[in-house]
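Chemist: Pasting a structure below so you can have a look.
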Amino acid sequence: MRFPGHAAAQTFHFQKVGNWQWVLNHIGYFWSLSRTHLYLALVSVVLGLALSLPIGVLAARRPRAYPAVLAVSTFLYSLPSLAVFALLLDITGLTDNTVIVALAVYAGTILVRSVTDGLRSVPEEVRLSATAMGYRPWRRLVGVELPTALPVIVAGLRVATVASISLVTVAALIGNGGLGQLFIAGENSDFITEVLCGVVLVVFWAIVCDGAILAGGWALTPWTRKQR
Amino acid sequence: MITFEHVSKRYEDGTLAVDDLSLECATGEITVLVGSSGCGKTTSLRMINRLVDPSSGVVAVDGRDIRESAPAELRRGMGYVIQHGGLFPHRTIVDNITTVPRLLGRSKAESRQRAAELMDLVGLTPDMARRYPHQLSGGQQQRVGVARALAADPPVLLMDEPFSAVDPVVRAELQQELLHIQAQLHKTIVFVTHDIDEAVKLGDRIAVMQVGGLLVQFDTPERVLAAPADQFVERFLGVDRGVRWLSFLSSEVLSLAPATTAESGVSDDQLRAAGTEWVLVVDSEQRPLGWRETARPGDGLRPIGHTFVPATDSVRAALDAVVLSPAGLAVAVDPRGALLGVAGYDVINKAIANAGGRA
């Protein structure tokens, strides 16, 4: 991928890779970029989840809808993110919404599969006995099926979140904040420290968020733990 | 009382699952629907709690057409137990058991109190309350399933092959306990199985169904075994039908003979002096220990196989005991295990022959 200004900076100036003084001077800047970055990434995942729940439930309920939902979500997932941004620019303009909508769709395509597979993994006898005990469909979904599907959904949520945090960097290309700006600025000025800071921070936040979801999932699914 | 009046179920693809079924399941009794797979027994059961709606005919509980009740309300008033328990994996045992009371809006404390009583009733220890289903054995899960079905104290209990997935030893235990629970609670139980032995053991009445959803015979287990309605039932009952029927004949009818006994320290000479072919060795409280053959003192003590208790066991148990006995004599004991006497083939034969007219 060619960043703007790349051609002008053909000569790579040899420099000290770890410019620690610069890093320390910019901690506040990193924090502000990280906040924007996480805001964009996490709001997208939450929206993606909200989008995928009803679709996933539908796909799990209707055997004939399942392959169609799967095909559409795979197709959307395969679209290059930059192209999607470009297409969305005409609709939502140069705003956070462009990023959020695009990333929500990506997160949604991953999560739809998890929700569907999670619900389909609920044993038939569990569903049957819930109905036979007098659960109405809605309460059965919320009280029995979704909780039973939770481990699979949480696994999807982890993938979607990490992918989303990584994808937000691309948003910097359409002028929206986030840690991707460190790549562009660093690349433009041949300042490798800045690029490295961006990479490290993206990986750092990905690990933190992944760990947080893992911990949340662990707390919510005590039945999946090994026997005492 | 649960009544089926000319109930049929035809699925959209044209298969007839249940064909004009008319049946009365008496209040406080166990009615067993038995038949091979595809005979419509599960479909029939599911029509009672509206998991399946009949294509024609009426299912009524205590004279009231069940279509007058909303499915969810109807189901909360009927316990339901299936193979593998169908327990909720994400809930602890106590939360599984309190499902229906909680759906009915009863308080948590009251429901848990009830759950603790039920766990005791079905033979689960209190320490299991906080565990999750996957931490229990298959047999224990089935017990939880029964407790859960009983939690709201429904008058009706529907059981769909509940004990089919556990090993024979555990199955026998669970069957015994169901009878024990039923003796206390007197529920109206409809029980589906493909196992004729289970049907005979549990049923007050059994309904034998044939592929295509046809009821071929509805009678007490004793009558079904003694007089199968047609060739289908006869074949379904298998070649052991006669022997199975003997389980309804009390072994009290056997005239026991005294056995030649000896204490365990008996010498070879004393053994030879006994005058009979076999000597039953007993302990100081007259409990049988084993047989010794007088002609072969060197063989030592030979196992009895098993004994039978005339007050509670059937001729089938006595017959089994005689077949297993090295001496060809079934050993009868009282409930405490003390020797009452022995019965040989001739005695058992005679008892069977006398009763045979009925079989």
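Identifiers for the structure tokens are assigned positionally: chains receive A, B, ... in sequence, residues are indexed from 1 per chain, and ligands are indexed from 1 in the order shown.
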Could you list, as a PDB file with C-alpha atoms, in the first residue's frame, every residue of chain A that has an atom within 9 Å of an atom of chain B, counting only C-alpha atoms?

Modeler:
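Resulting contents of part_11.pdb:
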```pdb
ATOM      1  CA  PRO A 123     -28.304 -29.534  21.920  1.00  0.00           C
ATOM      2  CA  GLU A 124     -31.727 -30.362  20.510  1.00  0.00           C
ATOM      3  CA  GLU A 125     -32.768 -32.000  23.782  1.00  0.00           C
ATOM      4  CA  VAL A 126     -32.004 -28.777  25.662  1.00  0.00           C
ATOM      5  CA  ARG A 127     -34.231 -26.804  23.320  1.00  0.00           C
ATOM      6  CA  LEU A 128     -36.909 -29.472  23.494  1.00  0.00           C
ATOM      7  CA  SER A 129     -36.922 -29.722  27.258  1.00  0.00           C
ATOM      8  CA  ALA A 130     -37.056 -25.933  27.592  1.00  0.00           C
ATOM      9  CA  THR A 131     -40.142 -25.853  25.384  1.00  0.00           C
ATOM     10  CA  ALA A 132     -41.666 -28.815  27.190  1.00  0.00           C
ATOM     11  CA  MET A 133     -41.206 -27.089  30.540  1.00  0.00           C
ATOM     12  CA  GLY A 134     -43.240 -24.124  29.381  1.00  0.00           C
ATOM     13  CA  TYR A 135     -40.743 -21.625  27.985  1.00  0.00           C
ATOM     14  CA  ARG A 136     -42.181 -19.330  25.347  1.00  0.00           C
ATOM     15  CA  VAL A 144     -31.587 -20.825  27.608  1.00  0.00           C
ATOM     16  CA  PRO A 147     -26.502 -18.424  27.386  1.00  0.00           C
ATOM     17  CA  THR A 148     -25.757 -21.933  26.121  1.00  0.00           C
ATOM     18  CA  THR A 221     -19.604 -19.056  31.645  1.00  0.00           C
ATOM     19  CA  PRO A 222     -18.706 -20.799  34.888  1.00  0.00           C
ATOM     20  CA  TRP A 223     -20.138 -24.080  33.556  1.00  0.00           C
ATOM     21  CA  THR A 224     -17.419 -24.431  30.935  1.00  0.00           C
ATOM     22  CA  LYS A 226     -12.898 -27.739  34.429  1.00  0.00           C
ATOM     23  CA  GLN A 227     -14.216 -29.706  37.302  1.00  0.00           C
TER      24      GLN A 227
END
```

Chemist: Select from segment 78-121 of chain B everything DSSP, run on the backbone, classes as strand (DSSP E or B), then give the selection as a list of chain:residue names.

Modeler: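 Selection result, strand (DSSP E or B) within segment 78-121 of chain B: B:Met78, B:Gly79, B:Tyr80, B:Val81, B:Ile82.
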
Chemist: Would you save the residues of that selection, restricted to N, CA and C atoms, as a PDB file, in the first residue's frame?

Modeler:
```
ATOM      1  N   MET B  78     -47.164 -30.067  33.584  1.00  0.00           N
ATOM      2  CA  MET B  78     -46.821 -31.462  33.278  1.00  0.00           C
ATOM      3  C   MET B  78     -45.309 -31.632  33.314  1.00  0.00           C
ATOM      4  N   GLY B  79     -44.837 -32.526  34.160  1.00  0.00           N
ATOM      5  CA  GLY B  79     -43.403 -32.796  34.176  1.00  0.00           C
ATOM      6  C   GLY B  79     -42.995 -33.524  32.906  1.00  0.00           C
ATOM      7  N   TYR B  80     -41.774 -33.286  32.465  1.00  0.00           N
ATOM      8  CA  TYR B  80     -41.325 -33.909  31.211  1.00  0.00           C
ATOM      9  C   TYR B  80     -39.885 -34.371  31.377  1.00  0.00           C
ATOM     10  N   VAL B  81     -39.649 -35.635  31.149  1.00  0.00           N
ATOM     11  CA  VAL B  81     -38.290 -36.183  31.288  1.00  0.00           C
ATOM     12  C   VAL B  81     -37.914 -36.874  29.993  1.00  0.00           C
ATOM     13  N   ILE B  82     -36.722 -36.565  29.471  1.00  0.00           N
ATOM     14  CA  ILE B  82     -36.298 -37.217  28.233  1.00  0.00           C
ATOM     15  C   ILE B  82     -34.953 -37.905  28.416  1.00  0.00           C
TER      16      ILE B  82
END
```

Chemist: Could I get the residues of segment 43-101 of chain A with an atom no further than 10 Å from an atom of segment 119-122 of chain A, each paired with its nearest atom pair and that distance in Å to one decimal, using only C-alpha atoms, sorted by chain and residue number, as CSV?

Modeler:
```
residue,atom,partner,partner_atom,distance
A:Gly56,CA,A:Leu119,CA,8.1
A:Val57,CA,A:Leu119,CA,7.3
A:Ala59,CA,A:Arg120,CA,9.3
A:Ala60,CA,A:Arg120,CA,5.9
A:Arg61,CA,A:Arg120,CA,8.5
A:Pro63,CA,A:Arg120,CA,9.9
```

Chemist: Using N, CA and C atoms, can you export the residues from the last selection as a PDB file, in the first residue's frame?

Modeler:
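Just written: again_8.pdb:
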```
ATOM      1  N   GLY A  56     -28.341 -13.649  13.088  1.00  0.00           N
ATOM      2  CA  GLY A  56     -27.873 -14.966  13.527  1.00  0.00           C
ATOM      3  C   GLY A  56     -29.019 -15.818  14.050  1.00  0.00           C
ATOM      4  N   VAL A  57     -29.907 -15.210  14.827  1.00  0.00           N
ATOM      5  CA  VAL A  57     -31.054 -15.943  15.361  1.00  0.00           C
ATOM      6  C   VAL A  57     -31.921 -16.446  14.217  1.00  0.00           C
ATOM      7  N   ALA A  59     -31.001 -16.982  11.093  1.00  0.00           N
ATOM      8  CA  ALA A  59     -30.302 -18.018  10.331  1.00  0.00           C
ATOM      9  C   ALA A  59     -30.307 -19.352  11.068  1.00  0.00           C
ATOM     10  N   ALA A  60     -30.255 -19.290  12.411  1.00  0.00           N
ATOM     11  CA  ALA A  60     -30.252 -20.528  13.179  1.00  0.00           C
ATOM     12  C   ALA A  60     -31.636 -21.167  13.186  1.00  0.00           C
ATOM     13  N   ARG A  61     -32.674 -20.325  13.157  1.00  0.00           N
ATOM     14  CA  ARG A  61     -34.046 -20.825  13.200  1.00  0.00           C
ATOM     15  C   ARG A  61     -34.485 -21.401  11.859  1.00  0.00           C
ATOM     16  N   PRO A  63     -33.439 -23.123   8.620  1.00  0.00           N
ATOM     17  CA  PRO A  63     -32.351 -23.855   7.977  1.00  0.00           C
ATOM     18  C   PRO A  63     -32.074 -23.352   6.565  1.00  0.00           C
TER      19      PRO A  63
END
```

Chemist: For atom CA of Leu179 of chain A and atom CA of Leu79 of chain A, quote the distance in Å rounded to one decimal.

Modeler: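 Atom-to-atom, atom CA of Leu179 of chain A to atom CA of Leu79 of chain A, that is 22.6 Å.
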
Chemist: Identify, on the basis of only C-alpha atoms, every residue whose closest approach to segment 19-26 of chain B does not exceed 6 Å; exclude the query and any residue fewer than 2 positions from it along the same chain; express the result as a list in words.

Modeler: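 Contacts, with the query itself left out: Met1, Ile2, Thr3, Phe4, Glu5, His6, Val7, Ser8, Glu29, Thr31, Gly213 and Leu214 of chain B.
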
Chemist: May I have the residues within 6 Å of segment 194-203 of chain B as a list in words, using only C-alpha atoms and disregarding those fewer than 2 positions away in the same chain?

Modeler: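 Returned residues: Ile30, Thr31, Val32, Val34, Gly35, Ser36, Arg205, Ile206 and Pro221 of chain B.
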
Chemist: Among segment 230-280 of chain B, which residues does DSSP mark as alpha helix (DSSP H) when it is run on the backbone? Keep the chain and numbering as in the structure and answer as a list of chain:residue names.

Modeler: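 Output for segment 230-280 of chain B, alpha helix (DSSP H) only: B:Gln231, B:Phe232, B:Val233, B:Glu234, B:Arg235, B:Phe236, B:Leu237, B:Arg241, B:Gly242, B:Val243, B:Arg244, B:Trp245, B:Asp268, B:Asp269, B:Gln270, B:Leu271, B:Arg272.
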